[in-house]
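Colleague: A single structure is presented below for examination.
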Amino acid sequence: MNDYPFPPALRLLRWAIHGTFAILLVIAVVGSARQGQVPPALGGGLLGVLYMAGIVIESRLPHFGGPTHLRLGRIWLTGITLGWAALALASPRFVWLAFPLFFAYLHLLPLSVALPGVAVLTAAAISAAAWHEGRLTAAQIIGPTIGAAVATLMAMVYKALAAESEERRLLIDDLVRTRGRLVEAESDAARLAERERLAREIHDTLAQGMSSIILLLRAARRDLAGDGGEAERRIVEAEEAAKENLEEARHFVRALAPPALQHSSLAAALRRISDSAVAGTSTQVRFEVAGTPVPLPADYDATLLRVAQGALGNVSRHSGAAHAGVSLTYLDDMVMLDVFDDGRGFDPRNPGGEATGTGYGLRAMRERVSSLEGALTVESSPGEGTAVVVTLPLPQGEAK
């Protein structure tokens with residue numbers, strides 16, 4: 001069963017017109033039957049069946065208002081008109097069925113055809129009434145004419161309401177599609193954000209940890225030929241680094257705080273990674289804290305720790321530095337992290353060069369820092385070392 005694409009008010013108007021036709025037809029048929037006019041009564045019954053068949057077929061047609069619907073509707077209207085004309089000539093009681101037919105003309109035909117059709121139907125109704133009466137009176141002219149005018153006005157209002165309803169339906173469909181696209185875009189953005197988070201975590205934790213393990217095992221292999229005790233110590237350090245790496249993986253998958261921060265302060269965690277990040281290399285790292293430490297939000301601690309891990313990882317893998325330093329400074333309105341070394345340096349305009357790796361680490365650092373409205377500065381040049389400086393504004397409640 002096809003649900004008409006109109007609001008309840010328009011559907012009610014449609015059925016009111018059908019009801020008017022049915023009532024006028026029943027009155028005409030009953031009146032003809034009482035006066036013994038059998039042919040008009042039977043003809044009226046057949047006209048009612050044809051009218052009802054059109055309504056039933058219309059309700060079952062797909063694509064309401066499409067070409068098939070209009071074509072069949074116009075064929076149906078032609079049959080109804082011919083049937084009405086025959087009955088109007090047979091009995092004056094059927095003349096008034098022209099009124100609901102006005103609506104059918106205005107509904108199923110283009111306006112340029114419907115208006116002349118209504119005029120011809122009105123003239124036919126007036127002529128039929130005058131022929132049965134034997135004379136033409138003012139009432140015979142005024143009645144059908146007013147009926148045609150009212151029907152035309154109501155049909156125009158109906159078409160305007162139907163057009164407005166269709167426009168509203170199209171707007172709602174467009175809004176639903178837009179909302180669907182927004183939901184899909186938000187879902188894609190969430191997936192990309194999660195992918196970026198995982199990429200940062202992998203780079204700053206697992207990749208750095210693996211690099212430390214590789215350096216320790218290389219150093220242990222060198223020591224195997226001479227100092228077995230030193231080689232054993234390197235292997236133990238590599239095993240501890242692997243355990244820490246595994247713990248890091250478990251925690252960042254669950255989006256929890258870094259394990260290094262769970263049972264210690266930021267300063268203590270930075271001191272530990274300063275010692276472990278360059279294990280197996282000849283680089284000596286010094287860590288210091290300046291200013292009065294204040295508690296920081298968890299995301300501040302995690303960001304500073306990850307940036308330090310990434311910067312120290314670059315020191316151990318790429319710089320060849322003899323000395324490096326990590327300083328954590330608490331100022332009145334900000335906290336500052338400085339990681340520097342005296343290694344080979346690089347050109348900051350080309351962080352993806354062969355000497356420095358892919359350049360993803362610096363981009364990940366900047367994204368972490370910018371998410372907290374902080375700033376990251378990289379100062380370096382070939383042969384003159386590197387300094388990575390992070391400044392984060394202290395939250396309002398933490399500023400002294």
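Each chain of the structure tokens is named A, B, ... in the order shown, its residues numbered from 1; ligands are numbered from 1 in display order.
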Just list as a PyMOL selection string whatever in region 179-388 of chain A DSSP marks as helix (DSSP H, G or I).

Modeller: chain A and resi 179-224+228-253+259-262+266-276+298-319+360-370

Colleague: What's the 10 Å shell around Gly383 (chain A), counting only C-alpha atoms, without same-chain residues fewer than 5 positions away, as a PyMOL selection string?

Modeller: chain A and resi 319+342-347

Colleague: Please produce an output containing C-alpha atoms for each residue in the selection, written as a PDB file, in the first residue's frame.

Modeller:
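Now in again-v8.pdb:
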```pdb
ATOM      1  CA  SER A 319      73.682  12.561  17.321  1.00  0.00           C
ATOM      2  CA  ASP A 342      76.795  18.375  21.636  1.00  0.00           C
ATOM      3  CA  GLY A 343      76.440  15.921  18.751  1.00  0.00           C
ATOM      4  CA  ARG A 344      76.594  16.278  14.999  1.00  0.00           C
ATOM      5  CA  GLY A 345      73.370  18.308  14.729  1.00  0.00           C
ATOM      6  CA  PHE A 346      71.218  18.632  11.617  1.00  0.00           C
ATOM      7  CA  ASP A 347      69.395  21.122   9.440  1.00  0.00           C
TER       8      ASP A 347
END
```

Colleague: Give me, as CSV, the closest atom pair and its distance (Å, one decimal) for every residue of region 326-345 of chain A within a cut-off of 10 Å of region 363-375 of chain A, counting only C-alpha atoms, rows sorted by chain and rising number.

Modeller:
```
residue,atom,partner,partner_atom,distance
A:Met334,CA,A:Gly374,CA,9.3
A:Val335,CA,A:Gly374,CA,9.7
A:Met336,CA,A:Ala375,CA,9.7
```

Colleague: Which residue is closest to Ala155 (chain A)? Choose from A:Ile17, A:Thr283, A:Leu216, A:Ala130 and count only C-alpha atoms.

Modeller: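 Of the candidates, the smallest distance to Ala155 (chain A) is held by A:Ile17.
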
Colleague: Using only C-alpha atoms, determine which residues lie at most 8 Å from Val378 (chain A), disregarding the query and same-chain residues fewer than 6 positions distant; provide the list as a PyMOL selection string.

Modeller: chain A and resi 348+386-389

Colleague: Can you pull out every residue within 12 Å of Ile214 (chain A), counting only C-alpha atoms, but drop anything in the same chain fewer than 2 positions away, and send it as a list of chain:residue names?

Modeller: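 The residues satisfying every condition are A:Ala207, A:Gln208, A:Gly209, A:Met210, A:Ser211, A:Ser212, A:Leu216, A:Leu217, A:Arg218, A:Ala219, A:Ala220, A:Arg221, A:Arg234, A:Ile235, A:Glu237, A:Ala238, A:Glu239, A:Ala241, A:Ala242, A:Ala277, A:Val278, A:Ala279, A:Gly280, A:Thr281, A:Ser316, A:Arg317.
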
Colleague: Based on DSSP run over this structure's backbone, return all residues of region 229-342 of chain A in strand (DSSP E or B), as a list in words.

Modeller: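 Result set for region 229-342 of chain A (strand (DSSP E or B)): Gln284, Val285, Arg286, Phe287, Glu288, Val289, Ala290, His323, Ala324, Gly325, Val326, Ser327, Leu328, Thr329, Tyr330, Met334, Val335, Met336, Leu337, Asp338, Val339, Phe340 and Asp341 of chain A.
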
Colleague: Please measure the separation of CA of Leu70 (chain A) and CA of Leu108 (chain A), giving the value in Å to one decimal.

Modeller: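 Value for the CA of Leu70 (chain A)-CA of Leu108 (chain A) distance: 6.5 Å.
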
Colleague: So which residues touch region 109-113 of chain A within 12 Å, counting only C-alpha atoms, skipping near sequence neighbours fewer than 6 positions away, as a count of residues only?

Modeller: 20

Colleague: Give the answer as one residue: which of A:Thr377, A:Ser265, A:Pro395, A:Ala231 has the shortest atom-to-atom distance to Pro297 (chain A), using only C-alpha atoms?

Modeller: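 Ranking A:Thr377, A:Ser265, A:Pro395, A:Ala231 by distance to Pro297 (chain A), first place goes to A:Pro395.
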
Colleague: Quick one: residues within 8 Å of Leu24 (chain A), only C-alpha atoms, excluding same-chain residues fewer than 5 positions away - as a PDB file with C-alpha atoms, in the first residue's frame?

Modeller:
```pdb
ATOM      1  CA  PHE A  94     -26.098  13.530 -11.762  1.00  0.00           C
ATOM      2  CA  TRP A  96     -23.807  18.047  -9.564  1.00  0.00           C
ATOM      3  CA  LEU A  97     -21.177  15.311  -9.783  1.00  0.00           C
TER       4      LEU A  97
END
```
